[in-house]
Structures are given as structure tokens and as C-alpha cells.
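Taking it in order: structure first as C-alpha cells, then the write-up.
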There are 2 protein chains.
Amino acid sequence: MKATSEPPVADAQVETLPIAEVARRTGLSADTLRYYEKAGLIDAVRRTPAGVRRYAAADLDWLAFLLRLRDTGMSIADMRLFADLRRLGNESVPARLDLLSEHRQIVDRRIRDLRANLRALDRKISHYRNLLEEQ
Amino acid sequence: MKATSEPPVADAQVETLPIAEVARRTGLSADTLRYYEKAGLIDAVRRTPAGVRRYAAADLDWLAFLLRLRDTGMSIADMRLFADLRRLGNESVPARLDLLSEHRQIVDRRIRDLRANLRALDRKISHYRNLLEEQ
DNA sequence: GCTTGCGGTGGAGCGCGCTCCAAGTCCTAG
DNA sequence: CTAGGACTTGGAGCGCGCTCCACCGCAAGC
């Protein structure tokens with residue numbers, strides 16, 4: 001699917017992706033991907049001997065999850081908390097569950113608020129429509 | 001309702017509010033209220049001879065509307081566009097209607113996205129709950 | 001008169017989430 | 001051997017939406 005120079009399964013095992021491809025797939029910039037790693041959101045990504053990042057499928061899955069958290073309004077600091085917990089392994093599952101449930105509540109409330117605001121917008125729009133028709 | 005020193009209907013006509021009271025009612029800080037005025041979101045508020053702002057009921061209504069726009073994610077620049085149109089009077093109603101309808105679409109899409117993300121969060125939460133029970 | 005307190009102004013500063021840059025390394029193609 | 005391109009790093013810079021600050025004025029109460 002790419003005409004450029006992909007290594008023909010050069011490395012040892014499975015398929016890994018260069019940062020540019022991960023950027024393309026996630027919609028993040030390469031700079032942002034490196035920034036997330038520096039910020040502790042992403043475990044250190046595997047590297048080629050030359051120090052070039054190669055992202056594995058698990059990295060992509062984690063990134064997708066992070067993006068979900070981000071898109072629901074979670075701050076980088078809070079995502080970092082979650083990432084730190086994840087690094088602790090299974091024993092942190094209860095704590096992660098708590099964090100996630102709490103966040104779920106926040107998102108739920110956000111949706112409710114947006115819906116209320118949407119209804120108010122609709123009333124305003126109707127008001128404008130009426131104004132137009134009367135003139 | 002206030003034990004402090006309110007002028008006993010000092011001015012000419014109706015009830016107007018000092019900035020501190022408007023801050024209290026809107027949840028904005030006095031600094032933010034002044035900032036919004038400077039940024040062109042609010043028409044110049046009436047002043048006492050000494051230059052002190054007195055907010056009228058119409059100002060509060062407009063502020064409430066602005067807050068709705070803000071809370072649904074509209075940028076200050078876009079709110080400013082809307083405020084500028086409003087200043088033009090009735091002839092800008094179609095343009096305002098367009099802006100508002102467009103924004104409505106954005107909010108609607110945002111709600112949809114949030115709901116999709118919420119469902120994904122719920123799946124993740126269930127996953128964690130299962131993990132806990134199995135152990 | 002003096003203090004207290006609320007309000008005014010202009011402008012600097014801040015936290016967030018990136019974004020951009022310079023300078024260097026490595027690999028490949030020609 | 002050279003040139004080009006993708007990648008690396010550390011650190012500076014940016015746009016947004018406030019937030020804070022120093023300094024000043026005014027009005028009321030002691």
C-alpha cells in the first residue's frame with residue numbers, strides 16, 4: 001500500500017510502524033507523538049539500533065485509548081496518572097477502574113449539559129426564524 | 001437581599017448591578033467580565049458618572065447567551081463575530097441565523113462523538129470489572 | 001482628614017497542549 | 001563519494017482564555 005521504501009519485514013518479529021505512519025493513522029503529528037512519550041503518556045517505544053522509533057500494534061491500541069480520553073476532555077496530567085497506573089500492572093486495576101468510572105461520570109454530565117444547551121440554541125434559532133418570517 | 005451599601009435606587013430608572021454582583025451571578029470573574037468587554041463580546045456597559053460599570057438586565061441576558069456559546073465550545077473570536085453582527089441590528093438576523101445553525105450542527109456532532117466515546121469507555125470499564133471478578 | 005473598600009486601567013504573566021526549529025545521525029540511491 | 005530524506009534531540013515559541021498586578025480614583029464611615 002506504500003510505494004516508498006518500507007523494510008521488507010526487516011526486523012525480527014512482527015510488523016512495526018515508523019512515526020510518520022503512526023502520525024498518519026492517528027491524526028497526531030510526529031511532534032505530538034514524541035511529546036506524549038516525553039510526557040509519560042506512552043511507554044518508551046521500541047527503537048531500531050539507530051534509535052529510530054518503531055511502533056507496535058499494542059502502542060497503537062494504547063494511543064487509540066488515549067485519544068478517546070483526550071477527546072472526552074481528559075487533561076494530559078490525568079492521562080498521565082492513568083498511564084502511570086497501567087505501568088504498575090494488574091494490581092492497579094481497581095485504581096484504574098475508579099479513575100475511569102469517575103471520568104465516565106464527567107463525560108455523562110458533559111453530554112447532558114450539551115444537550116440542554118442544544119435545546120436552548122434551538123429555541124434561539126426558532127426565535128430568529130420567526131423574526132425573519134414576520135418581516 | 002444585601003446587607004451592604006446598595007444605592008437606594010439611586011440612578012434614574014431600573015435596577016442595575018455592579019460588576020461584583022454580575023460576577024457572582026454568572027460565575028465569571030470581574031476580570032473576565034472586563035476582558036469580554038475589551039474583546040468586543042459585550043457592548044460597552046453603562047457607567048456611573050465616576051466611570052463605574054452598572055450592568056442592566058439586557059446585559060445579563062446577553063451574557064447568559066454568550067456563556068451558552070462558550071460552554072458549547074465556541075471560541076471567543078467566533079462569539080465576537082456574533083456580537084459584531086448583533087450590533088448591526090435587524091438586517092444581520094439572517095447572518096446570525098446562519099452562524100447559529102452552523103454552530104448547532106457542530107454541537108450536535110460533538111454530542112454524537114461523546115456518546116460514541118462514552119460507549120467505548122463503558123466497554124473498557126466492563127472489561128476491567130471482568131478482570132477483577134476473575135481474579 | 002483618613003481609612004476602607006470597591007471599582008477603574010493597561011499591561012504582564014500563566015497553564016495548557018501542542019508546534020516549530022536547529023543541528024545532528026543514519027540509511028539508501030545514484 | 002555525495003546527496004537526500006526520514007528520523008533524532010533539547011529547547012524555544014505560540015495561541016487561547018483567562019488571571020494577576022500595580023497603581024489610581026471615588027464615596028462612605030469613623
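Just so we're on the same page: first chain in the C-alpha cells is A, next is B, and so on; residues restart at 1 for each chain, and ligands are numbered from 1 in the order they show up.
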
Mind listing as a compact mmCIF listing (two decimals) with N, CA and C atoms, in the first residue's frame which residues of chain B are within 12 Å of chain C, counting only C-alpha atoms (C1' of nucleotides)?
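As written to disk, out.txt reads:
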# COMPACT_ATOMS: atom_id res chain seq x y z
N THR B 4 -25.15 45.07 52.55
CA THR B 4 -24.15 46.12 52.31
C THR B 4 -24.80 47.37 51.75
N SER B 5 -23.99 48.25 51.25
CA SER B 5 -24.47 49.58 50.87
C SER B 5 -24.87 49.67 49.40
N GLU B 6 -26.07 49.23 49.10
CA GLU B 6 -26.61 49.41 47.76
C GLU B 6 -27.25 50.79 47.65
N PRO B 18 -23.71 46.08 40.03
CA PRO B 18 -22.27 46.32 39.98
C PRO B 18 -21.55 45.05 39.50
N ILE B 19 -20.35 45.21 39.07
CA ILE B 19 -19.64 44.10 38.44
C ILE B 19 -19.49 42.90 39.37
N ALA B 20 -19.31 43.16 40.66
CA ALA B 20 -19.12 42.05 41.59
C ALA B 20 -20.36 41.15 41.63
N GLU B 21 -21.51 41.79 41.57
CA GLU B 21 -22.74 41.02 41.62
C GLU B 21 -22.94 40.22 40.33
N ALA B 30 -14.71 39.16 37.79
CA ALA B 30 -14.82 40.55 37.34
C ALA B 30 -13.79 40.80 36.24
N ASP B 31 -12.61 40.23 36.41
CA ASP B 31 -11.57 40.38 35.38
C ASP B 31 -12.06 39.85 34.04
N ARG B 34 -14.58 42.21 32.41
CA ARG B 34 -13.93 43.35 31.76
C ARG B 34 -13.20 42.91 30.50
N TYR B 35 -12.60 41.73 30.59
CA TYR B 35 -11.90 41.17 29.42
C TYR B 35 -12.87 40.95 28.26
N LYS B 38 -13.62 44.26 26.68
CA LYS B 38 -12.49 44.71 25.87
C LYS B 38 -12.40 43.91 24.58
N ARG B 47 -22.22 53.30 32.51
CA ARG B 47 -21.36 53.62 33.65
C ARG B 47 -22.01 54.69 34.51
N THR B 48 -21.60 54.73 35.78
CA THR B 48 -21.96 55.87 36.63
C THR B 48 -21.07 57.03 36.19
N ALA B 50 -18.86 58.40 37.68
CA ALA B 50 -17.48 58.14 38.09
C ALA B 50 -16.81 57.09 37.22
N GLY B 51 -17.56 56.51 36.25
CA GLY B 51 -16.94 55.53 35.37
C GLY B 51 -17.10 54.10 35.82
N VAL B 52 -17.95 53.88 36.81
CA VAL B 52 -18.15 52.53 37.33
C VAL B 52 -19.26 51.83 36.53
N ARG B 53 -18.99 50.61 36.14
CA ARG B 53 -19.96 49.85 35.35
C ARG B 53 -21.22 49.52 36.14
N ARG B 54 -22.37 49.65 35.48
CA ARG B 54 -23.64 49.19 36.05
C ARG B 54 -24.31 48.33 34.98

Enumerate, in order of chain and increasing residue number, the residues of chain B with an atom no farther than 9 Å from chain A, each with its shortest atom pair and distance in Å to one decimal, counting only C-alpha atoms, as JSON lines.
{"residue": "B:Phe65", "atom": "CA", "partner": "A:Leu121", "partner_atom": "CA", "distance": 9.0}
{"residue": "B:Arg68", "atom": "CA", "partner": "A:Asn117", "partner_atom": "CA", "distance": 6.3}
{"residue": "B:Leu69", "atom": "CA", "partner": "A:Asn117", "partner_atom": "CA", "distance": 8.3}
{"residue": "B:Asp71", "atom": "CA", "partner": "A:Leu114", "partner_atom": "CA", "distance": 7.8}
{"residue": "B:Thr72", "atom": "CA", "partner": "A:Leu114", "partner_atom": "CA", "distance": 6.4}
{"residue": "B:Asn90", "atom": "CA", "partner": "A:Leu131", "partner_atom": "CA", "distance": 8.9}
{"residue": "B:Val93", "atom": "CA", "partner": "A:Tyr128", "partner_atom": "CA", "distance": 6.8}
{"residue": "B:Pro94", "atom": "CA", "partner": "A:Leu132", "partner_atom": "CA", "distance": 7.5}
{"residue": "B:Arg96", "atom": "CA", "partner": "A:Tyr128", "partner_atom": "CA", "distance": 8.2}
{"residue": "B:Leu97", "atom": "CA", "partner": "A:Tyr128", "partner_atom": "CA", "distance": 6.3}
{"residue": "B:Leu100", "atom": "CA", "partner": "A:Ile125", "partner_atom": "CA", "distance": 6.9}
{"residue": "B:Ser101", "atom": "CA", "partner": "A:Ile125", "partner_atom": "CA", "distance": 7.0}
{"residue": "B:His103", "atom": "CA", "partner": "A:Leu121", "partner_atom": "CA", "distance": 8.9}
{"residue": "B:Arg104", "atom": "CA", "partner": "A:Leu118", "partner_atom": "CA", "distance": 6.8}
{"residue": "B:Val107", "atom": "CA", "partner": "A:Leu118", "partner_atom": "CA", "distance": 7.0}
{"residue": "B:Asp108", "atom": "CA", "partner": "A:Leu118", "partner_atom": "CA", "distance": 7.4}
{"residue": "B:Arg110", "atom": "CA", "partner": "A:Leu114", "partner_atom": "CA", "distance": 8.6}
{"residue": "B:Ile111", "atom": "CA", "partner": "A:Ile111", "partner_atom": "CA", "distance": 6.1}
{"residue": "B:Arg112", "atom": "CA", "partner": "A:Ile111", "partner_atom": "CA", "distance": 9.0}
{"residue": "B:Asp113", "atom": "CA", "partner": "A:Asp71", "partner_atom": "CA", "distance": 8.6}
{"residue": "B:Leu114", "atom": "CA", "partner": "A:Thr72", "partner_atom": "CA", "distance": 6.4}
{"residue": "B:Arg115", "atom": "CA", "partner": "A:Ile111", "partner_atom": "CA", "distance": 7.4}
{"residue": "B:Asn117", "atom": "CA", "partner": "A:Arg68", "partner_atom": "CA", "distance": 6.3}
{"residue": "B:Leu118", "atom": "CA", "partner": "A:Arg104", "partner_atom": "CA", "distance": 6.8}
{"residue": "B:Ala120", "atom": "CA", "partner": "A:Arg68", "partner_atom": "CA", "distance": 8.3}
{"residue": "B:Leu121", "atom": "CA", "partner": "A:Arg104", "partner_atom": "CA", "distance": 6.8}
{"residue": "B:Asp122", "atom": "CA", "partner": "A:Arg104", "partner_atom": "CA", "distance": 7.6}
{"residue": "B:Lys124", "atom": "CA", "partner": "A:Leu100", "partner_atom": "CA", "distance": 8.5}
{"residue": "B:Ile125", "atom": "CA", "partner": "A:Leu97", "partner_atom": "CA", "distance": 6.3}
{"residue": "B:Tyr128", "atom": "CA", "partner": "A:Leu97", "partner_atom": "CA", "distance": 6.3}
{"residue": "B:Arg129", "atom": "CA", "partner": "A:Leu97", "partner_atom": "CA", "distance": 7.5}
{"residue": "B:Leu131", "atom": "CA", "partner": "A:Val93", "partner_atom": "CA", "distance": 8.0}
{"residue": "B:Leu132", "atom": "CA", "partner": "A:Val93", "partner_atom": "CA", "distance": 7.4}

Please save N, CA and C atoms of the selected residues as a compact mmCIF listing (two decimals), in the first residue's frame.
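So out07.txt came out as:
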# COMPACT_ATOMS: atom_id res chain seq x y z
N PHE B 65 -26.39 34.19 27.20
CA PHE B 65 -26.31 33.60 25.87
C PHE B 65 -24.85 33.32 25.49
N ARG B 68 -23.60 30.27 27.04
CA ARG B 68 -24.09 29.07 26.36
C ARG B 68 -23.21 28.75 25.15
N LEU B 69 -22.87 29.80 24.42
CA LEU B 69 -22.00 29.59 23.27
C LEU B 69 -20.64 29.07 23.73
N ASP B 71 -19.90 27.49 26.49
CA ASP B 71 -19.97 26.15 27.05
C ASP B 71 -20.21 25.09 25.99
N THR B 72 -20.63 25.51 24.84
CA THR B 72 -20.76 24.54 23.75
C THR B 72 -19.53 24.60 22.84
N ASN B 90 -31.24 44.53 13.01
CA ASN B 90 -32.11 43.52 12.41
C ASN B 90 -31.63 42.97 11.07
N VAL B 93 -29.89 39.60 11.00
CA VAL B 93 -30.54 38.41 11.53
C VAL B 93 -30.27 37.17 10.67
N PRO B 94 -30.37 37.27 9.34
CA PRO B 94 -30.07 36.07 8.54
C PRO B 94 -28.66 35.55 8.79
N ARG B 96 -26.85 35.96 11.43
CA ARG B 96 -26.78 35.37 12.77
C ARG B 96 -27.42 33.99 12.80
N LEU B 97 -28.51 33.88 12.07
CA LEU B 97 -29.18 32.59 12.00
C LEU B 97 -28.25 31.54 11.38
N LEU B 100 -25.53 30.56 13.85
CA LEU B 100 -26.07 29.77 14.93
C LEU B 100 -26.42 28.36 14.46
N SER B 101 -26.97 28.26 13.25
CA SER B 101 -27.33 26.94 12.73
C SER B 101 -26.07 26.10 12.53
N HIS B 103 -23.31 26.44 14.14
CA HIS B 103 -22.80 26.05 15.45
C HIS B 103 -23.64 24.91 16.03
N ARG B 104 -24.91 24.99 15.79
CA ARG B 104 -25.80 23.92 16.26
C ARG B 104 -25.36 22.56 15.72
N VAL B 107 -22.30 21.35 17.55
CA VAL B 107 -22.62 20.85 18.88
C VAL B 107 -23.27 19.48 18.77
N ASP B 108 -24.16 19.34 17.80
CA ASP B 108 -24.84 18.08 17.60
C ASP B 108 -23.83 16.96 17.33
N ARG B 110 -20.72 16.98 18.13
CA ARG B 110 -19.93 16.80 19.35
C ARG B 110 -20.64 15.85 20.32
N ILE B 111 -21.93 16.03 20.44
CA ILE B 111 -22.70 15.16 21.34
C ILE B 111 -22.63 13.71 20.85
N ARG B 112 -22.83 13.54 19.55
CA ARG B 112 -22.75 12.19 18.98
C ARG B 112 -21.39 11.56 19.28
N ASP B 113 -20.33 12.32 19.04
CA ASP B 113 -18.98 11.79 19.27
C ASP B 113 -18.79 11.41 20.73
N LEU B 114 -19.27 12.28 21.60
CA LEU B 114 -19.12 11.99 23.03
C LEU B 114 -19.87 10.72 23.40
N ARG B 115 -21.05 10.55 22.82
CA ARG B 115 -21.82 9.36 23.16
C ARG B 115 -21.11 8.10 22.67
N ASN B 117 -17.92 7.78 22.33
CA ASN B 117 -16.78 7.60 23.24
C ASN B 117 -17.24 7.07 24.59
N LEU B 118 -18.39 7.52 25.02
CA LEU B 118 -18.92 7.03 26.29
C LEU B 118 -19.18 5.53 26.22
N ALA B 120 -17.65 3.43 24.36
CA ALA B 120 -16.34 2.77 24.38
C ALA B 120 -15.76 2.73 25.80
N LEU B 121 -15.96 3.83 26.51
CA LEU B 121 -15.50 3.85 27.91
C LEU B 121 -16.21 2.77 28.71
N ASP B 122 -17.50 2.64 28.47
CA ASP B 122 -18.26 1.63 29.20
C ASP B 122 -17.76 0.22 28.92
N LYS B 124 -14.73 -0.51 28.14
CA LYS B 124 -13.46 -0.63 28.85
C LYS B 124 -13.70 -0.89 30.34
N ILE B 125 -14.67 -0.18 30.88
CA ILE B 125 -14.98 -0.35 32.30
C ILE B 125 -15.46 -1.78 32.57
N TYR B 128 -12.56 -4.08 32.68
CA TYR B 128 -11.85 -4.02 33.97
C TYR B 128 -12.62 -4.77 35.05
N ARG B 129 -13.96 -4.60 35.05
CA ARG B 129 -14.77 -5.28 36.06
C ARG B 129 -14.62 -6.80 35.93
N LEU B 131 -12.08 -8.40 34.67
CA LEU B 131 -10.74 -8.73 35.15
C LEU B 131 -10.74 -8.91 36.66
N LEU B 132 -11.39 -7.98 37.35
CA LEU B 132 -11.41 -8.02 38.81
C LEU B 132 -12.13 -9.25 39.34

Would you kindly report the residues of chain D within 9 Å of chain B, using only C-alpha atoms (C1' of nucleotides), as a PyMOL selection string?
-> chain D and resi 16-19+25-26+28

So that I have them on file, write out the residues from the current selection with N, CA and C atoms (P, O5', C5', C4', C3', O3' and C1' of nucleotides), as a CSV table (one decimal), in the first residue's frame.
chain,number,residue,atom,x,y,z
D,16,DC,P,-5.9,32.2,18.6
D,16,DC,O5',-6.5,31.7,20.0
D,16,DC,C5',-6.7,30.3,20.2
D,16,DC,C4',-6.9,30.1,21.6
D,16,DC,C3',-7.9,31.0,22.3
D,16,DC,O3',-9.1,30.3,22.6
D,16,DC,C1',-6.0,30.6,23.7
D,17,DG,P,-10.4,31.1,23.0
D,17,DG,O5',-10.4,31.2,24.5
D,17,DG,C5',-10.2,30.1,25.4
D,17,DG,C4',-10.0,30.5,26.8
D,17,DG,C3',-10.8,31.7,27.3
D,17,DG,O3',-11.2,31.4,28.6
D,17,DG,C1',-8.6,32.1,27.6
D,18,DC,P,-12.5,32.2,29.2
D,18,DC,O5',-12.0,33.6,29.5
D,18,DC,C5',-11.6,34.0,30.8
D,18,DC,C4',-10.3,33.3,31.2
D,18,DC,C3',-9.9,33.6,32.6
D,18,DC,O3',-9.6,32.4,33.3
D,18,DC,C1',-8.1,34.0,31.1
D,19,DT,P,-9.8,32.4,34.9
D,19,DT,O5',-8.6,33.3,35.5
D,19,DT,C5',-7.3,32.7,35.6
D,19,DT,C4',-6.3,33.7,36.0
D,19,DT,C3',-6.7,34.5,37.3
D,19,DT,O3',-5.7,34.2,38.3
D,19,DT,C1',-5.7,35.9,35.6
D,25,DG,P,-5.5,59.5,41.1
D,25,DG,O5',-7.0,59.0,41.0
D,25,DG,C5',-7.6,58.7,39.8
D,25,DG,C4',-9.0,58.5,39.9
D,25,DG,C3',-9.7,59.5,40.8
D,25,DG,O3',-11.0,59.7,40.3
D,25,DG,C1',-10.0,57.4,41.8
D,26,DC,P,-11.8,61.0,40.8
D,26,DC,O5',-13.0,60.3,41.7
D,26,DC,C5',-13.8,59.3,41.1
D,26,DC,C4',-14.6,58.6,42.2
D,26,DC,C3',-15.3,59.5,43.2
D,26,DC,O3',-16.6,59.2,43.1
D,26,DC,C1',-14.1,57.8,44.3
D,28,DA,P,-21.4,58.4,49.0
D,28,DA,O5',-20.9,57.5,50.2
D,28,DA,C5',-20.9,56.0,50.0
D,28,DA,C4',-20.6,55.4,51.4
D,28,DA,C3',-21.3,56.1,52.6
D,28,DA,O3',-21.6,55.1,53.5
D,28,DA,C1',-18.9,56.3,52.7

So which bits of region 34-135 of chain A end up alpha helix (DSSP H) when you DSSP the backbone, as a ChimeraX atom specification?
-> /A:34-38,57-71,76-87,93-134
